[in-house]
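The file my_file34.tsv contains TSV, C-alpha atoms:
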```
chain	number	residue	atom	x	y	z
A	938	MET	CA	92.06	73.92	-74.91
A	939	ASN	CA	89.62	71.81	-76.97
A	940	LYS	CA	86.15	70.77	-75.79
A	941	ALA	CA	87.34	67.39	-74.49
A	942	PHE	CA	90.03	69.00	-72.35
A	943	LEU	CA	87.63	71.71	-71.16
A	944	SER	CA	85.10	69.09	-70.09
A	945	LEU	CA	87.87	67.21	-68.30
A	946	ALA	CA	88.94	70.38	-66.56
A	947	VAL	CA	85.43	71.08	-65.26
A	948	LEU	CA	84.96	67.49	-64.07
A	949	LEU	CA	88.35	67.40	-62.42
A	950	ALA	CA	87.71	70.70	-60.68
A	951	LEU	CA	84.64	69.17	-59.07
A	952	ALA	CA	86.11	65.74	-58.41
A	953	HIS	CA	89.50	66.67	-57.02
A	954	ASN	CA	88.63	69.45	-54.60
A	955	PRO	CA	88.92	67.77	-51.17
A	956	VAL	CA	86.06	69.91	-49.83
A	957	SER	CA	83.16	70.34	-52.23
A	958	SER	CA	79.96	72.32	-51.83
A	959	PHE	CA	78.21	70.20	-54.43
A	960	SER	CA	75.93	67.28	-53.63
A	961	SER	CA	74.72	64.39	-55.75
A	962	THR	CA	71.71	62.13	-55.71
A	963	PRO	CA	72.59	58.67	-54.40
A	964	PHE	CA	72.06	55.76	-56.77
A	965	GLN	CA	69.16	53.38	-56.29
A	966	ARG	CA	70.13	50.51	-54.01
A	967	LYS	CA	68.64	47.04	-54.00
A	968	SER	CA	66.39	46.23	-51.10
A	969	LYS	CA	67.84	44.18	-48.29
A	970	THR	CA	65.61	41.26	-49.29
A	971	ASN	CA	66.76	41.32	-52.91
A	972	LEU	CA	70.39	41.61	-51.88
A	973	GLN	CA	70.09	38.62	-49.58
A	974	THR	CA	68.44	36.67	-52.41
A	975	THR	CA	71.21	37.61	-54.87
A	976	LEU	CA	74.08	36.89	-52.49
A	977	LYS	CA	73.14	33.60	-50.91
A	978	MET	CA	75.17	32.55	-47.94
A	979	THR	CA	76.86	29.22	-48.54
A	980	SER	CA	78.61	29.13	-45.17
A	981	GLU	CA	79.71	31.58	-42.51
A	982	GLY	CA	81.49	34.44	-44.31
A	983	SER	CA	81.10	32.83	-47.74
A	984	LEU	CA	78.82	34.09	-50.52
A	985	ASP	CA	77.67	32.47	-53.74
A	986	VAL	CA	78.94	35.02	-56.25
A	987	SER	CA	79.16	32.71	-59.26
A	988	ARG	CA	76.63	34.66	-61.30
A	989	PHE	CA	78.93	37.71	-61.32
A	990	MET	CA	81.55	35.66	-63.18
A	991	ALA	CA	79.20	34.24	-65.80
A	992	GLY	CA	77.56	35.52	-68.95
A	993	ALA	CA	78.05	38.58	-71.09
A	994	ARG	CA	78.59	42.08	-69.78
A	995	PRO	CA	75.37	44.12	-69.50
A	996	ASP	CA	74.24	45.87	-72.67
A	997	GLY	CA	75.91	49.23	-73.13
A	998	THR	CA	78.93	48.40	-70.93
A	999	GLU	CA	80.94	46.20	-73.32
A	1000	LYS	CA	83.57	48.86	-73.97
A	1001	PHE	CA	83.75	50.38	-70.49
A	1002	VAL	CA	87.34	50.56	-69.18
A	1003	MET	CA	88.52	50.55	-65.57
A	1004	GLN	CA	90.85	53.41	-66.43
A	1005	GLN	CA	92.04	54.99	-63.20
A	1006	THR	CA	92.24	55.24	-59.46
A	1007	MET	CA	92.93	58.74	-58.15
A	1008	VAL	CA	94.97	59.57	-55.05
A	1009	ARG	CA	95.95	63.02	-53.81
A	1010	VAL	CA	99.66	63.55	-53.27
A	1011	LYS	CA	101.59	66.08	-51.25
A	1012	ASP	CA	104.56	66.56	-53.58
A	1013	PRO	CA	104.22	65.60	-57.26
A	1014	THR	CA	107.95	65.26	-57.91
A	1015	THR	CA	108.46	62.91	-54.97
A	1016	SER	CA	105.44	60.83	-56.01
A	1017	LEU	CA	106.48	60.65	-59.67
A	1018	GLU	CA	109.94	59.52	-58.59
A	1019	PHE	CA	108.37	56.72	-56.54
A	1020	TYR	CA	105.89	55.49	-59.13
A	1021	CYS	CA	108.24	55.85	-62.11
A	1022	ASP	CA	111.71	55.14	-60.69
A	1023	ILE	CA	110.77	52.56	-58.06
A	1024	LEU	CA	107.62	50.88	-59.40
A	1025	GLY	CA	108.66	51.27	-63.04
A	1026	PHE	CA	105.58	53.15	-64.27
A	1027	LYS	CA	105.68	55.88	-66.91
A	1028	LEU	CA	103.95	59.24	-67.00
A	1029	VAL	CA	101.48	58.84	-69.88
A	1030	MET	CA	99.65	62.17	-69.63
A	1031	TYR	CA	99.42	65.21	-67.39
A	1032	ARG	CA	97.32	68.35	-67.25
A	1033	GLU	CA	97.85	71.60	-65.33
A	1034	PHE	CA	94.92	73.68	-64.06
A	1035	PRO	CA	96.38	76.79	-62.40
A	1036	GLN	CA	92.99	78.48	-62.53
A	1037	TRP	CA	91.75	75.86	-60.07
A	1038	GLY	CA	95.01	75.29	-58.23
A	1039	PHE	CA	95.79	71.67	-59.08
A	1040	ASN	CA	97.58	69.40	-61.56
A	1041	VAL	CA	96.94	65.77	-62.49
A	1042	TYR	CA	99.51	63.17	-63.55
A	1043	PHE	CA	98.48	59.80	-65.01
A	1044	VAL	CA	101.02	56.99	-64.54
A	1045	ALA	CA	100.83	53.42	-65.77
A	1046	PRO	CA	103.12	50.37	-66.26
A	1047	VAL	CA	103.81	50.90	-69.97
A	1048	ASN	CA	106.84	51.40	-72.19
A	1049	SER	CA	107.85	54.91	-73.28
A	1050	VAL	CA	107.76	53.92	-76.96
A	1051	ASP	CA	104.01	53.28	-76.68
A	1052	ILE	CA	103.21	56.78	-75.40
A	1053	PRO	CA	102.29	59.22	-78.21
A	1054	GLU	CA	104.96	61.91	-78.33
A	1055	GLY	CA	104.22	65.61	-78.54
A	1056	ASP	CA	100.52	65.24	-79.36
A	1057	PRO	CA	98.18	66.12	-76.46
A	1058	ASP	CA	95.10	64.76	-78.26
A	1059	ALA	CA	96.81	61.43	-78.98
A	1060	GLN	CA	98.08	61.22	-75.40
A	1061	TRP	CA	94.55	61.88	-74.14
A	1062	ASN	CA	93.09	59.10	-76.31
A	1063	TYR	CA	95.84	56.69	-75.33
A	1064	CYS	CA	95.42	57.38	-71.63
A	1065	MET	CA	91.62	57.24	-71.59
A	1066	ASN	CA	91.68	53.77	-73.18
A	1067	LEU	CA	94.46	52.42	-70.96
A	1068	PRO	CA	93.30	50.18	-68.08
A	1069	GLY	CA	94.83	50.51	-64.64
A	1070	CYS	CA	96.21	54.04	-64.58
A	1071	ILE	CA	96.88	55.85	-61.32
A	1072	GLU	CA	95.97	59.52	-61.32
A	1073	LEU	CA	98.19	61.51	-58.97
A	1074	THR	CA	96.50	64.78	-58.05
A	1075	TRP	CA	98.52	67.66	-56.63
A	1076	ASN	CA	96.69	70.56	-54.99
A	1077	TYR	CA	98.99	73.58	-55.04
A	1078	GLY	CA	100.55	74.38	-51.67
A	1079	SER	CA	100.26	70.91	-50.14
A	1080	GLU	CA	104.00	70.42	-50.65
A	1081	LYS	CA	104.64	73.21	-48.11
A	1082	GLU	CA	102.66	71.55	-45.31
A	1083	GLU	CA	104.42	69.75	-42.46
A	1084	GLY	CA	104.21	65.98	-42.21
A	1085	LEU	CA	101.67	63.78	-43.95
A	1086	VAL	CA	98.74	65.60	-45.55
A	1087	TYR	CA	96.18	63.00	-46.67
A	1088	ASN	CA	94.40	60.21	-44.82
A	1089	THR	CA	95.29	56.82	-46.32
A	1090	GLY	CA	92.15	55.04	-45.08
A	1091	ASN	CA	94.01	52.42	-43.05
A	1092	GLY	CA	93.50	53.12	-39.36
A	1093	ASP	CA	94.87	56.60	-40.01
A	1094	SER	CA	94.44	59.75	-37.90
A	1095	THR	CA	95.81	62.15	-40.56
A	1096	GLY	CA	93.38	64.99	-41.18
A	1097	THR	CA	90.85	64.00	-38.50
A	1098	ALA	CA	89.46	66.78	-36.31
A	1099	ASP	CA	89.92	64.89	-33.04
A	1100	GLY	CA	93.20	63.16	-33.85
A	1101	GLU	CA	91.57	59.74	-33.55
A	1102	LYS	CA	92.16	57.01	-36.10
A	1103	VAL	CA	89.33	56.27	-38.51
A	1104	LYS	CA	88.24	52.91	-39.90
A	1105	GLY	CA	88.80	53.74	-43.55
A	1106	GLY	CA	87.27	52.14	-46.58
A	1107	PHE	CA	90.23	52.57	-48.93
A	1108	GLY	CA	92.83	49.85	-48.48
A	1109	HIS	CA	95.62	49.82	-51.03
A	1110	LEU	CA	96.81	49.90	-54.61
A	1111	GLY	CA	98.42	46.76	-55.99
A	1112	ILE	CA	100.96	45.58	-58.53
A	1113	THR	CA	102.03	42.11	-59.61
A	1114	VAL	CA	105.62	41.06	-60.23
A	1115	PRO	CA	107.37	37.93	-61.56
A	1116	ASP	CA	109.03	37.25	-58.17
A	1117	VAL	CA	107.81	38.95	-54.99
A	1118	TYR	CA	110.95	38.10	-53.01
A	1119	GLU	CA	113.30	39.50	-55.67
A	1120	ALA	CA	111.18	42.61	-56.10
A	1121	CYS	CA	111.25	43.22	-52.35
A	1122	GLU	CA	115.03	42.88	-52.24
A	1123	ARG	CA	115.14	45.70	-54.78
A	1124	PHE	CA	112.58	47.79	-52.89
A	1125	LYS	CA	114.59	47.41	-49.69
A	1126	LYS	CA	117.81	48.54	-51.42
A	1127	LEU	CA	115.92	51.59	-52.74
A	1128	GLY	CA	114.85	52.52	-49.21
A	1129	CYS	CA	111.15	51.68	-49.38
A	1130	THR	CA	109.11	51.47	-46.19
A	1131	PHE	CA	107.54	48.04	-45.64
A	1132	THR	CA	104.45	47.35	-43.58
A	1133	LYS	CA	104.73	43.66	-44.48
A	1134	THR	CA	107.63	41.75	-45.97
A	1135	PRO	CA	106.90	38.50	-47.86
A	1136	ASN	CA	107.36	36.21	-44.84
A	1137	SER	CA	105.99	38.42	-42.07
A	1138	GLY	CA	102.41	37.93	-40.93
A	1139	GLY	CA	100.25	34.94	-41.65
A	1140	MET	CA	99.95	35.28	-45.45
A	1141	LYS	CA	103.23	34.33	-47.10
A	1142	GLY	CA	104.50	35.36	-50.51
A	1143	LEU	CA	103.04	38.87	-50.65
A	1144	ALA	CA	104.20	42.23	-49.34
A	1145	PHE	CA	103.13	45.80	-48.70
A	1146	ILE	CA	105.22	48.95	-49.13
A	1147	LYS	CA	104.27	52.60	-48.65
A	1148	ASP	CA	104.37	55.35	-51.23
A	1149	PRO	CA	105.60	58.84	-50.15
A	1150	ASP	CA	102.13	59.81	-48.86
A	1151	GLY	CA	101.68	56.60	-46.89
A	1152	TYR	CA	99.33	54.84	-49.32
A	1153	LEU	CA	99.86	51.08	-49.23
A	1154	ILE	CA	101.07	49.25	-52.34
A	1155	GLU	CA	100.47	45.50	-52.33
A	1156	ILE	CA	103.05	43.34	-54.10
A	1157	LEU	CA	101.61	40.09	-55.47
A	1158	PRO	CA	103.05	37.36	-57.74
A	1159	GLN	CA	102.05	36.98	-61.38
A	1160	GLY	CA	101.95	33.22	-60.85
A	1161	PRO	CA	101.27	30.88	-57.93
A	1162	MET	CA	101.58	32.11	-54.35
A	1163	ILE	CA	104.85	30.64	-53.15
A	1164	SER	CA	107.06	31.22	-50.14
A	1165	LYS	CA	110.83	31.20	-49.83
A	1166	PRO	CA	112.74	30.30	-46.66
A	1167	VAL	CA	113.97	33.86	-45.94
A	1168	ASP	CA	112.77	37.27	-47.14
A	1169	CYS	CA	114.46	40.66	-47.56
A	1170	ASP	CA	114.18	41.42	-43.83
A	1171	GLY	CA	115.46	38.04	-42.71
A	1172	HIS	CA	112.04	36.71	-41.71
A	1173	THR	CA	111.58	32.98	-42.10
A	1174	ALA	CA	108.49	31.40	-43.62
A	1175	GLU	CA	107.16	30.16	-40.29
A	1176	GLY	CA	104.59	31.56	-37.90
A	1177	GLY	CA	102.79	34.89	-38.13
A	1178	GLY	CA	99.20	36.07	-38.01
A	1179	TYR	CA	96.70	38.38	-39.71
A	1180	LYS	CA	96.26	42.09	-38.94
A	1181	ASP	CA	93.25	44.16	-40.08
A	1182	ASN	CA	94.85	47.40	-41.30
A	1183	SER	CA	91.52	49.23	-41.53
A	1184	LYS	CA	91.46	49.62	-37.73
```
Written form, structure tokens:
Amino acid sequence: MNKAFLSLAVLLALAHNPVSSFSSTPFQRKSKTNLQTTLKMTSEGSLDVSRFMAGARPDGTEKFVMQQTMVRVKDPTTSLEFYCDILGFKLVMYREFPQWGFNVYFVAPVNSVDIPEGDPDAQWNYCMNLPGCIELTWNYGSEKEEGLVYNTGNGDSTGTADGEKVKGGFGHLGITVPDVYEACERFKKLGCTFTKTPNSGGMKGLAFIKDPDGYLIEILPQGPMISKPVDCDGHTAEGGGYKDNSK
């Protein structure tokens, strides 16, 4: 294992252990006064955030990449089947750490021909410069546990000591597709679990499905938000309301 992989292994061992004995120093936060000055209220619930869209990136960050979001999974095979066979992602790199009892699998919406073949160093470089990967982390033994293992962050009681639902911060992962309605017809045929079909609820033209661990996957269009008369569940594009899934 070269130095880059060893460093990764140490970092992953610290980052992926659900219960860690390590602590870190919190970053410096802006004062309440400065924050209110920066984010000026333009109306109830609306902020003036225009400055965050303007200008160059801060010095030293020009080549930073939003490379991954990590989620823990109960069964790696089941999760890889979902992300690769149903969502159409490919496994671009994986690492096994038996000495620490976990493996990591990086998936992304790429073509197989673009993934370096048989060269771990090249796969590492490709993956670390690829925006939007999902890192699936498997802690050995979780596949033997009964039921769901990890809390999804959306009004979920999984893993809580008192069995009560928590108001989670994590919401969902998201993909975009050429046609939400057609994609959802396919997802339905493949047996996916929906929490929202394109016409259900108040917001039309988007959907949510669950991955094998219960994490939500939002399905959005790559173009304008449109609605069609009937969706994959037979819901018409009329009526509905909004539900806060964090509660």
Hey, could you make a per-residue contact list for region 1118-1165 of chain A against region 1020-1043 of chain A with 12 Å as the cut-off, showing the nearest pair of atoms and its distance in Å to one decimal, counting only C-alpha atoms, sorted by chain and number, as a tab-separated table?
```
residue	atom	partner	partner_atom	distance
A:Ala1120	CA	A:Leu1024	CA	9.6
A:Cys1121	CA	A:Ile1023	CA	11.0
A:Arg1123	CA	A:Ile1023	CA	8.8
A:Phe1124	CA	A:Ile1023	CA	7.3
A:Lys1125	CA	A:Ile1023	CA	10.5
A:Lys1126	CA	A:Ile1023	CA	10.5
A:Leu1127	CA	A:Ile1023	CA	7.5
A:Gly1128	CA	A:Ile1023	CA	9.7
A:Cys1129	CA	A:Ile1023	CA	8.7
A:Ile1146	CA	A:Leu1024	CA	10.7
A:Lys1147	CA	A:Tyr1020	CA	11.0
A:Asp1148	CA	A:Tyr1020	CA	8.0
A:Pro1149	CA	A:Tyr1020	CA	9.6
A:Asp1150	CA	A:Tyr1020	CA	11.8
A:Tyr1152	CA	A:Tyr1020	CA	11.8
A:Ile1154	CA	A:Leu1024	CA	9.8
A:Glu1155	CA	A:Leu1024	CA	11.4
A:Ile1156	CA	A:Leu1024	CA	10.3
```
key: Neighbour list for region 1157-1160 of chain A as a ChimeraX atom specification, cut-off 12 Å, only C-alpha atoms, skip fewer than 6 positions in-chain   = /A:1110-1121,1133-1135,1140-1146
ask   = To one decimal place, how far is CA of Asn1088 (chain A) from CA of Cys1070 (chain A) in Å?
value =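 Interatomic distance, CA of Asn1088 (chain A) to CA of Cys1070 (chain A): 20.8 Å.
Atom pair CA of Glu1018 (chain A) / CA of Ser1079 (chain A) has a distance of 17.2 Å (rounded to one decimal).
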task = Would you mind reading off the distance between CA of Cys1064 (chain A) and CA of Met1003 (chain A), one decimal, in Å?
result = 11.4 Å
